[in-house]
$ cat input_34.json   # JSON, C-alpha atoms
[["chain", "number", "residue", "atom", "x", "y", "z"],
["A", 1, "MET", "CA", -132.61, -154.95, 145.90],
["A", 2, "ARG", "CA", -135.21, -153.38, 143.67],
["A", 3, "VAL", "CA", -136.00, -154.44, 140.13],
["A", 4, "ARG", "CA", -137.85, -152.03, 137.94],
["A", 5, "ALA", "CA", -139.51, -153.01, 134.71],
["A", 6, "GLY", "CA", -138.43, -151.43, 131.48],
["A", 7, "ALA", "CA", -140.27, -151.57, 128.18],
["A", 8, "ALA", "CA", -140.86, -155.15, 127.10],
["A", 9, "ASP", "CA", -140.98, -155.01, 123.34],
["A", 10, "GLY", "CA", -142.12, -158.03, 121.35],
["A", 11, "CYS", "CA", -143.27, -158.60, 117.84],
["A", 12, "ALA", "CA", -144.73, -161.59, 116.12],
["A", 13, "GLY", "CA", -145.90, -161.18, 112.55],
["A", 14, "ARG", "CA", -147.01, -163.45, 109.77],
["A", 15, "GLY", "CA", -146.02, -163.66, 106.17],
["A", 16, "GLY", "CA", -143.25, -164.66, 103.85],
["A", 17, "PRO", "CA", -139.63, -163.67, 103.57],
["A", 18, "ALA", "CA", -140.38, -160.17, 102.28],
["A", 19, "GLY", "CA", -140.07, -158.68, 105.75],
["A", 20, "HIS", "CA", -139.61, -159.33, 109.42],
["A", 21, "ALA", "CA", -142.14, -159.49, 112.24],
["A", 22, "GLY", "CA", -144.80, -156.92, 111.48],
["A", 23, "VAL", "CA", -146.66, -154.25, 113.38],
["A", 24, "GLY", "CA", -149.64, -155.47, 115.32],
["A", 25, "GLY", "CA", -148.04, -158.20, 117.39],
["A", 26, "ALA", "CA", -149.43, -159.32, 120.69],
["A", 27, "VAL", "CA", -150.20, -156.65, 123.27],
["A", 28, "GLY", "CA", -149.85, -157.86, 126.83],
["A", 29, "ARG", "CA", -148.34, -157.12, 130.20],
["A", 30, "ALA", "CA", -144.89, -158.41, 131.06],
["A", 31, "GLY", "CA", -143.61, -156.23, 133.86],
["A", 32, "VAL", "CA", -142.64, -157.02, 137.41],
["A", 33, "GLY", "CA", -145.57, -158.69, 139.09],
["A", 34, "GLY", "CA", -147.57, -158.44, 135.88],
["A", 35, "ARG", "CA", -147.10, -154.67, 135.54],
["A", 36, "GLY", "CA", -145.49, -152.82, 132.67],
["A", 37, "ARG", "CA", -146.72, -152.64, 129.11],
["A", 38, "ALA", "CA", -145.61, -154.83, 126.25],
["A", 39, "ARG", "CA", -146.12, -153.37, 122.82],
["A", 40, "GLY", "CA", -146.22, -154.97, 119.41],
["A", 41, "SER", "CA", -143.79, -153.24, 117.12],
["A", 42, "GLY", "CA", -141.94, -153.69, 113.90],
["A", 43, "GLY", "CA", -138.49, -154.93, 114.59],
["A", 44, "ALA", "CA", -135.35, -156.45, 113.25],
["A", 45, "ARG", "CA", -133.36, -159.46, 114.20],
["A", 46, "PRO", "CA", -130.40, -158.92, 116.50],
["A", 47, "GLY", "CA", -127.30, -160.60, 115.18],
["A", 48, "ALA", "CA", -123.62, -160.73, 115.85],
["A", 49, "ARG", "CA", -123.20, -157.10, 114.83],
["A", 50, "GLY", "CA", -126.31, -155.56, 116.32],
["A", 51, "TRP", "CA", -129.49, -155.44, 114.26],
["A", 52, "ALA", "CA", -129.35, -157.58, 111.17],
["A", 53, "ASP", "CA", -131.03, -157.48, 107.77],
["A", 54, "PRO", "CA", -134.82, -156.93, 108.17],
["A", 55, "SER", "CA", -135.48, -159.15, 105.15],
["A", 56, "TYR", "CA", -134.96, -162.17, 107.42],
["A", 57, "ASP", "CA", -137.82, -164.71, 107.16],
["A", 58, "ARG", "CA", -140.52, -163.57, 109.58],
["A", 59, "ARG", "CA", -142.33, -166.89, 110.00],
["A", 60, "VAL", "CA", -141.27, -166.97, 113.61],
["A", 61, "SER", "CA", -142.17, -165.51, 116.99],
["A", 62, "LEU", "CA", -140.00, -162.71, 118.31],
["A", 63, "PHE", "CA", -140.20, -161.07, 121.71],
["A", 64, "ARG", "CA", -138.03, -158.99, 124.01],
["A", 65, "VAL", "CA", -138.05, -158.39, 127.75],
["A", 66, "ASP", "CA", -136.23, -155.37, 129.19],
["A", 67, "ARG", "CA", -135.51, -154.75, 132.84],
["A", 68, "ARG", "CA", -133.62, -152.20, 134.91],
["A", 69, "THR", "CA", -132.04, -153.34, 138.18],
["A", 70, "GLU", "CA", -129.81, -151.91, 140.87],
["A", 71, "LEU", "CA", -127.65, -155.04, 140.82],
["A", 72, "PRO", "CA", -124.08, -154.55, 139.60],
["A", 73, "VAL", "CA", -123.57, -155.58, 135.99],
["A", 74, "ALA", "CA", -121.42, -158.60, 136.93],
["A", 75, "GLU", "CA", -123.98, -159.90, 139.44],
["A", 76, "ALA", "CA", -126.92, -159.46, 137.06],
["A", 77, "TRP", "CA", -124.93, -161.36, 134.43],
["A", 78, "ARG", "CA", -124.10, -164.17, 136.85],
["A", 79, "ARG", "CA", -127.74, -164.63, 137.83],
["A", 80, "LEU", "CA", -129.10, -164.51, 134.30],
["A", 81, "THR", "CA", -126.60, -167.09, 133.03],
["A", 82, "ASP", "CA", -127.23, -169.56, 135.86],
["A", 83, "TRP", "CA", -128.85, -172.10, 133.54],
["A", 84, "SER", "CA", -129.98, -174.49, 136.26],
["A", 85, "ALA", "CA", -131.85, -171.67, 137.99],
["A", 86, "HIS", "CA", -133.86, -171.12, 134.79],
["A", 87, "GLY", "CA", -135.43, -174.54, 135.15],
["A", 88, "ALA", "CA", -136.46, -173.87, 138.74],
["A", 89, "LEU", "CA", -138.47, -170.84, 137.58],
["A", 90, "MET", "CA", -140.23, -172.43, 134.58],
["A", 91, "PRO", "CA", -143.24, -174.68, 135.30],
["A", 92, "LEU", "CA", -142.59, -178.40, 134.80],
["A", 93, "THR", "CA", -139.09, -177.69, 133.52],
["A", 94, "ARG", "CA", -135.66, -178.99, 134.47],
["A", 95, "VAL", "CA", -132.38, -177.79, 133.01],
["A", 96, "ARG", "CA", -129.41, -180.11, 132.69],
["A", 97, "VAL", "CA", -126.03, -178.60, 131.85],
["A", 98, "VAL", "CA", -124.15, -181.07, 129.66],
["A", 99, "THR", "CA", -120.79, -179.32, 129.34],
["A", 100, "PRO", "CA", -118.65, -179.30, 132.51],
["A", 101, "GLY", "CA", -116.95, -176.20, 133.80],
["A", 102, "PRO", "CA", -117.98, -172.53, 133.64],
["A", 103, "SER", "CA", -120.22, -171.29, 130.84],
["A", 104, "ARG", "CA", -118.46, -170.26, 127.65],
["A", 105, "ALA", "CA", -118.93, -170.49, 123.90],
["A", 106, "GLY", "CA", -119.67, -174.14, 123.23],
["A", 107, "THR", "CA", -121.50, -174.83, 126.50],
["A", 108, "LEU", "CA", -124.47, -177.16, 125.97],
["A", 109, "PHE", "CA", -127.54, -177.53, 128.14],
["A", 110, "THR", "CA", -131.03, -178.97, 127.75],
["A", 111, "ALA", "CA", -134.34, -177.77, 129.15],
["A", 112, "ARG", "CA", -136.76, -180.66, 129.63],
["A", 113, "THR", "CA", -140.40, -179.54, 129.88],
["A", 114, "GLY", "CA", -143.35, -181.76, 130.74],
["A", 115, "ALA", "CA", -143.62, -185.18, 132.27],
["A", 116, "GLY", "CA", -143.18, -188.67, 130.87],
["A", 117, "PRO", "CA", -144.16, -189.19, 127.22],
["A", 118, "LEU", "CA", -145.72, -185.72, 127.10],
["A", 119, "GLY", "CA", -142.39, -184.01, 127.78],
["A", 120, "PHE", "CA", -140.00, -182.60, 125.22],
["A", 121, "ASP", "CA", -136.39, -181.41, 125.16],
["A", 122, "ASP", "CA", -135.14, -177.97, 124.18],
["A", 123, "PRO", "CA", -131.37, -178.37, 123.73],
["A", 124, "MET", "CA", -129.35, -175.17, 123.47],
["A", 125, "GLU", "CA", -125.77, -174.16, 122.78],
["A", 126, "VAL", "CA", -123.94, -171.02, 123.83],
["A", 127, "VAL", "CA", -122.48, -169.67, 120.58],
["A", 128, "ARG", "CA", -121.41, -166.25, 121.84],
["A", 129, "TRP", "CA", -120.05, -165.46, 125.29],
["A", 130, "GLU", "CA", -118.83, -161.98, 126.17],
["A", 131, "SER", "CA", -118.85, -161.70, 129.94],
["A", 132, "PRO", "CA", -118.60, -158.30, 131.67],
["A", 133, "ALA", "CA", -114.90, -158.70, 132.44],
["A", 134, "ASP", "CA", -111.61, -157.21, 131.31],
["A", 135, "GLY", "CA", -113.00, -153.71, 131.47],
["A", 136, "ARG", "CA", -116.11, -154.37, 129.39],
["A", 137, "PRO", "CA", -119.07, -152.20, 130.48],
["A", 138, "GLY", "CA", -121.50, -155.06, 129.87],
["A", 139, "GLY", "CA", -121.94, -158.58, 128.60],
["A", 140, "ARG", "CA", -123.73, -160.47, 125.85],
["A", 141, "CYS", "CA", -124.59, -164.12, 125.43],
["A", 142, "ARG", "CA", -126.25, -165.76, 122.43],
["A", 143, "LEU", "CA", -127.93, -169.15, 122.56],
["A", 144, "GLU", "CA", -128.90, -171.27, 119.56],
["A", 145, "LYS", "CA", -131.67, -173.84, 119.91],
["A", 146, "ARG", "CA", -130.61, -177.22, 118.55],
["A", 147, "GLY", "CA", -133.79, -179.24, 119.01],
["A", 148, "ARG", "CA", -136.10, -180.89, 116.51],
["A", 149, "ARG", "CA", -139.30, -179.43, 117.94],
["A", 150, "ILE", "CA", -138.20, -175.90, 118.89],
["A", 151, "THR", "CA", -135.73, -173.89, 116.83],
["A", 152, "GLY", "CA", -134.50, -170.32, 117.07],
["A", 153, "TRP", "CA", -132.16, -168.32, 119.28],
["A", 154, "ALA", "CA", -131.98, -166.11, 122.36],
["A", 155, "GLU", "CA", -129.73, -163.21, 123.34],
["A", 156, "ILE", "CA", -129.07, -161.99, 126.86],
["A", 157, "GLU", "CA", -127.45, -158.58, 127.28],
["A", 158, "VAL", "CA", -126.52, -156.58, 130.37],
["A", 159, "ARG", "CA", -124.97, -153.12, 130.42],
["A", 160, "ALA", "CA", -124.41, -150.24, 132.79],
["A", 161, "GLU", "CA", -126.90, -147.42, 132.39],
["A", 162, "HIS", "CA", -127.11, -144.26, 134.53],
["A", 163, "GLY", "CA", -125.92, -145.85, 137.74],
["A", 164, "ALA", "CA", -127.99, -149.02, 137.30],
["A", 165, "THR", "CA", -127.96, -152.10, 135.06],
["A", 166, "ARG", "CA", -130.10, -152.56, 131.97],
["A", 167, "VAL", "CA", -131.04, -156.16, 131.14],
["A", 168, "SER", "CA", -132.43, -157.30, 127.78],
["A", 169, "TRP", "CA", -133.62, -160.78, 126.87],
["A", 170, "THR", "CA", -134.51, -161.18, 123.18],
["A", 171, "GLU", "CA", -135.74, -164.47, 121.76],
["A", 172, "GLU", "CA", -136.95, -165.77, 118.46],
["A", 173, "ALA", "CA", -138.52, -169.22, 118.34],
["A", 174, "ARG", "CA", -140.32, -171.55, 115.98],
["A", 175, "VAL", "CA", -142.33, -174.58, 117.06],
["A", 176, "ARG", "CA", -142.32, -177.16, 114.30],
["A", 177, "GLY", "CA", -145.81, -178.14, 113.20],
["A", 178, "LEU", "CA", -147.45, -175.10, 114.77],
["A", 179, "PRO", "CA", -149.49, -173.03, 112.26],
["A", 180, "ARG", "CA", -148.13, -169.56, 111.61],
["A", 181, "PHE", "CA", -151.32, -167.87, 112.75],
["A", 182, "CYS", "CA", -150.41, -169.06, 116.26],
["A", 183, "ASP", "CA", -147.22, -166.96, 116.29],
["A", 184, "PRO", "CA", -148.74, -163.91, 118.03],
["A", 185, "LEU", "CA", -150.15, -166.08, 120.82],
["A", 186, "LEU", "CA", -146.84, -167.92, 121.16],
["A", 187, "ALA", "CA", -144.92, -164.64, 121.40],
["A", 188, "TRP", "CA", -147.33, -163.23, 123.97],
["A", 189, "GLY", "CA", -147.15, -166.32, 126.17],
["A", 190, "ALA", "CA", -143.37, -166.59, 125.89],
["A", 191, "ARG", "CA", -142.88, -162.91, 126.70],
["A", 192, "LEU", "CA", -145.06, -163.24, 129.79],
["A", 193, "ALA", "CA", -143.31, -166.42, 130.96],
["A", 194, "PHE", "CA", -139.79, -165.18, 130.36],
["A", 195, "GLY", "CA", -140.60, -161.82, 131.93],
["A", 196, "ARG", "CA", -141.35, -163.69, 135.15],
["A", 197, "VAL", "CA", -138.22, -165.82, 134.77],
["A", 198, "VAL", "CA", -136.02, -162.74, 134.35],
["A", 199, "ASP", "CA", -137.64, -161.10, 137.38],
["A", 200, "GLY", "CA", -137.07, -164.24, 139.45],
["A", 201, "LEU", "CA", -133.44, -164.61, 138.37],
["A", 202, "LEU", "CA", -132.65, -161.00, 139.20],
["A", 203, "ALA", "CA", -134.33, -161.44, 142.59],
["A", 204, "GLY", "CA", -132.13, -164.48, 143.28],
["A", 205, "ALA", "CA", -134.91, -167.08, 143.07],
["A", 206, "GLY", "CA", -134.19, -170.55, 141.75],
["A", 207, "ARG", "CA", -130.55, -170.57, 142.84],
["A", 208, "ARG", "CA", -129.23, -173.82, 144.35]]

$ encode --input "input_34.json" --output "structure tokens"
Amino acid sequence: MRVRAGAADGCAGRGGPAGHAGVGGAVGRAGVGGRGRARGSGGARPGARGWADPSYDRRVSLFRVDRRTELPVAEAWRRLTDWSAHGALMPLTRVRVVTPGPSRAGTLFTARTGAGPLGFDDPMEVVRWESPADGRPGGRCRLEKRGRRITGWAEIEVRAEHGATRVSWTEEARVRGLPRFCDPLLAWGARLAFGRVVDGLLAGAGRR
């Protein structure tokens, strides 16, 4: 199975509610094995109906990781939504799924990062679940962060594209107490880390 990197677009701007994340975000590399270019770009916030109002408060960090894989859409979806496997691919992180049964809207899970008193929880809830079934050409999942320290959301999307599968992971996060001028660095680091997580999940790493 081969995984090829697509464009990994991320943006992390500063400012008030007049606009969204601005041009000039972090420029880094987030491809497979560290290859592939990540560009700062103006962007808009993906919502339930595609791209939402760009006047959304931009005091956050936004990034996106795109990949192209030869896995079937259903298999790519299954690997990307294996929440426990996410923890195995993030340093010092464990993921505990709270809600029994298969993932669906309302599923709750918590990522615990760190050790002892230095650790913190990142609880999340699945608020949108559209699996690639019943004839759908792709799938989309939206997560909302419910923690006190980290807030925001993430969207995972898979779709068929020219005989392969296109994967997109988009995330917007805010760390409470972190100065806004740190947003570009936060977005760059998160894009790099999650790029490696997506690569590992698609390769089948972290599965138990």

$ atom_distance --input "input_34.json" --atom1 "atom CA of Phe109 of chain A" --atom2 "atom CA of Val73 of chain A"
23.6 Å

$ closest_atom_pairs --input "input_34.json" --of "segment 66-117 of chain A" --to "segment 168-192 of chain A" --cutoff "12 Å" --atoms "only C-alpha atoms" --output "Markdown table"
| residue | atom | partner | partner_atom | distance |
| --- | --- | --- | --- | --- |
| A:Asp66 | CA | A:Ser168 | CA | 4.5 |
| A:Arg67 | CA | A:Ser168 | CA | 6.4 |
| A:Arg68 | CA | A:Ser168 | CA | 8.8 |
| A:Thr69 | CA | A:Ser168 | CA | 11.1 |
| A:Ala76 | CA | A:Ser168 | CA | 11.0 |
| A:Trp77 | CA | A:Ser168 | CA | 10.8 |
| A:Leu80 | CA | A:Trp169 | CA | 9.5 |
| A:Thr81 | CA | A:Trp169 | CA | 11.3 |
| A:Met90 | CA | A:Ala190 | CA | 10.9 |

$ atom_distance --input "input_34.json" --atom1 "atom CA of Cys141 of chain A" --atom2 "atom CA of Leu92 of chain A"
24.8 Å

$ closest_residue --input "input_34.json" --among "A:Gly119, A:Gly195, A:Gly139, A:Gly152" --to "Pro72 of chain A" --atoms "all atoms listed in the file"
A:Gly139

$ atom_distance --input "input_34.json" --atom1 "atom CA of Ile156 of chain A" --atom2 "atom CA of Leu118 of chain A"
29.0 Å

$ closest_residue --input "input_34.json" --among "A:Ala85, A:Ala74, A:Ala203, A:Leu62" --to "Arg159 of chain A" --atoms "all atoms listed in the file"
A:Ala74

$ closest_residue --input "input_34.json" --among "A:Gly101, A:Pro132, A:Pro123, A:Pro137" --to "Glu75 of chain A" --atoms "only C-alpha atoms"
A:Pro132

$ closest_residue --input "input_34.json" --among "A:Leu71, A:Leu89, A:Gly106, A:Trp129" --to "Ala160 of chain A" --atoms "all atoms listed in the file"
A:Leu71

$ closest_residue --input "input_34.json" --among "A:Arg79, A:Arg128, A:Arg196, A:Arg96" --to "Leu108 of chain A" --atoms "all atoms listed in the file"
A:Arg96

$ closest_residue --input "input_34.json" --among "A:Val97, A:Ala105, A:Val197, A:His162" --to "Arg142 of chain A" --atoms "all atoms listed in the file"
A:Ala105

$ build_atoms --input "input_34.json" --residues "segment 130-157 of chain A" --atoms "N, CA and C atoms" --output "PDB file, keeping the file's coordinate frame"
ATOM      1  N   GLU A 130    -119.624-163.165 125.871  1.00  0.00           N
ATOM      2  CA  GLU A 130    -118.830-161.980 126.170  1.00  0.00           C
ATOM      3  C   GLU A 130    -119.213-161.522 127.568  1.00  0.00           C
ATOM      4  N   SER A 131    -118.512-162.034 128.556  1.00  0.00           N
ATOM      5  CA  SER A 131    -118.850-161.700 129.940  1.00  0.00           C
ATOM      6  C   SER A 131    -118.369-160.299 130.283  1.00  0.00           C
ATOM      7  N   PRO A 132    -119.014-159.657 131.267  1.00  0.00           N
ATOM      8  CA  PRO A 132    -118.600-158.300 131.670  1.00  0.00           C
ATOM      9  C   PRO A 132    -117.303-158.352 132.478  1.00  0.00           C
ATOM     10  N   ALA A 133    -116.216-158.610 131.793  1.00  0.00           N
ATOM     11  CA  ALA A 133    -114.900-158.700 132.440  1.00  0.00           C
ATOM     12  C   ALA A 133    -113.895-157.976 131.557  1.00  0.00           C
ATOM     13  N   ASP A 134    -112.694-157.857 132.068  1.00  0.00           N
ATOM     14  CA  ASP A 134    -111.610-157.210 131.310  1.00  0.00           C
ATOM     15  C   ASP A 134    -111.990-155.804 130.868  1.00  0.00           C
ATOM     16  N   GLY A 135    -112.676-155.094 131.751  1.00  0.00           N
ATOM     17  CA  GLY A 135    -113.000-153.710 131.470  1.00  0.00           C
ATOM     18  C   GLY A 135    -114.225-153.481 130.609  1.00  0.00           C
ATOM     19  N   ARG A 136    -114.895-154.561 130.186  1.00  0.00           N
ATOM     20  CA  ARG A 136    -116.110-154.370 129.390  1.00  0.00           C
ATOM     21  C   ARG A 136    -117.213-153.751 130.248  1.00  0.00           C
ATOM     22  N   PRO A 137    -117.982-152.816 129.709  1.00  0.00           N
ATOM     23  CA  PRO A 137    -119.070-152.200 130.480  1.00  0.00           C
ATOM     24  C   PRO A 137    -120.314-153.069 130.580  1.00  0.00           C
ATOM     25  N   GLY A 138    -120.339-154.184 129.852  1.00  0.00           N
ATOM     26  CA  GLY A 138    -121.500-155.060 129.870  1.00  0.00           C
ATOM     27  C   GLY A 138    -121.140-156.430 129.344  1.00  0.00           C
ATOM     28  N   GLY A 139    -122.170-157.246 129.116  1.00  0.00           N
ATOM     29  CA  GLY A 139    -121.940-158.580 128.600  1.00  0.00           C
ATOM     30  C   GLY A 139    -123.044-158.995 127.656  1.00  0.00           C
ATOM     31  N   ARG A 140    -122.736-159.950 126.785  1.00  0.00           N
ATOM     32  CA  ARG A 140    -123.730-160.470 125.850  1.00  0.00           C
ATOM     33  C   ARG A 140    -123.509-161.957 125.652  1.00  0.00           C
ATOM     34  N   CYS A 141    -124.619-162.680 125.636  1.00  0.00           N
ATOM     35  CA  CYS A 141    -124.590-164.120 125.430  1.00  0.00           C
ATOM     36  C   CYS A 141    -125.648-164.459 124.382  1.00  0.00           C
ATOM     37  N   ARG A 142    -125.290-165.315 123.449  1.00  0.00           N
ATOM     38  CA  ARG A 142    -126.250-165.760 122.430  1.00  0.00           C
ATOM     39  C   ARG A 142    -126.379-167.271 122.509  1.00  0.00           C
ATOM     40  N   LEU A 143    -127.617-167.736 122.532  1.00  0.00           N
ATOM     41  CA  LEU A 143    -127.930-169.150 122.560  1.00  0.00           C
ATOM     42  C   LEU A 143    -128.595-169.553 121.244  1.00  0.00           C
ATOM     43  N   GLU A 144    -128.235-170.713 120.739  1.00  0.00           N
ATOM     44  CA  GLU A 144    -128.900-171.270 119.560  1.00  0.00           C
ATOM     45  C   GLU A 144    -129.626-172.539 119.978  1.00  0.00           C
ATOM     46  N   LYS A 145    -130.876-172.652 119.593  1.00  0.00           N
ATOM     47  CA  LYS A 145    -131.670-173.840 119.910  1.00  0.00           C
ATOM     48  C   LYS A 145    -131.347-174.934 118.903  1.00  0.00           C
ATOM     49  N   ARG A 146    -131.068-176.122 119.408  1.00  0.00           N
ATOM     50  CA  ARG A 146    -130.610-177.220 118.550  1.00  0.00           C
ATOM     51  C   ARG A 146    -131.620-178.366 118.474  1.00  0.00           C
ATOM     52  N   GLY A 147    -132.832-178.155 118.961  1.00  0.00           N
ATOM     53  CA  GLY A 147    -133.790-179.240 119.010  1.00  0.00           C
ATOM     54  C   GLY A 147    -134.548-179.462 117.720  1.00  0.00           C
ATOM     55  N   ARG A 148    -135.273-180.572 117.672  1.00  0.00           N
ATOM     56  CA  ARG A 148    -136.100-180.890 116.510  1.00  0.00           C
ATOM     57  C   ARG A 148    -137.455-180.208 116.582  1.00  0.00           C
ATOM     58  N   ARG A 149    -137.965-180.000 117.793  1.00  0.00           N
ATOM     59  CA  ARG A 149    -139.300-179.430 117.940  1.00  0.00           C
ATOM     60  C   ARG A 149    -139.284-177.908 118.018  1.00  0.00           C
ATOM     61  N   ILE A 150    -138.303-177.347 118.729  1.00  0.00           N
ATOM     62  CA  ILE A 150    -138.200-175.900 118.890  1.00  0.00           C
ATOM     63  C   ILE A 150    -136.884-175.430 118.310  1.00  0.00           C
ATOM     64  N   THR A 151    -136.938-174.459 117.410  1.00  0.00           N
ATOM     65  CA  THR A 151    -135.730-173.890 116.830  1.00  0.00           C
ATOM     66  C   THR A 151    -135.737-172.388 117.066  1.00  0.00           C
ATOM     67  N   GLY A 152    -134.591-171.763 116.883  1.00  0.00           N
ATOM     68  CA  GLY A 152    -134.500-170.320 117.070  1.00  0.00           C
ATOM     69  C   GLY A 152    -133.265-169.957 117.872  1.00  0.00           C
ATOM     70  N   TRP A 153    -133.313-168.818 118.549  1.00  0.00           N
ATOM     71  CA  TRP A 153    -132.160-168.320 119.280  1.00  0.00           C
ATOM     72  C   TRP A 153    -132.637-167.399 120.394  1.00  0.00           C
ATOM     73  N   ALA A 154    -131.713-167.079 121.293  1.00  0.00           N
ATOM     74  CA  ALA A 154    -131.980-166.110 122.360  1.00  0.00           C
ATOM     75  C   ALA A 154    -130.714-165.317 122.616  1.00  0.00           C
ATOM     76  N   GLU A 155    -130.861-164.046 122.966  1.00  0.00           N
ATOM     77  CA  GLU A 155    -129.730-163.210 123.340  1.00  0.00           C
ATOM     78  C   GLU A 155    -129.998-162.563 124.681  1.00  0.00           C
ATOM     79  N   ILE A 156    -129.003-162.632 125.552  1.00  0.00           N
ATOM     80  CA  ILE A 156    -129.070-161.990 126.860  1.00  0.00           C
ATOM     81  C   ILE A 156    -128.005-160.901 126.871  1.00  0.00           C
ATOM     82  N   GLU A 157    -128.406-159.696 127.246  1.00  0.00           N
ATOM     83  CA  GLU A 157    -127.450-158.580 127.280  1.00  0.00           C
ATOM     84  C   GLU A 157    -127.611-157.803 128.571  1.00  0.00           C
TER      85      GLU A 157
END
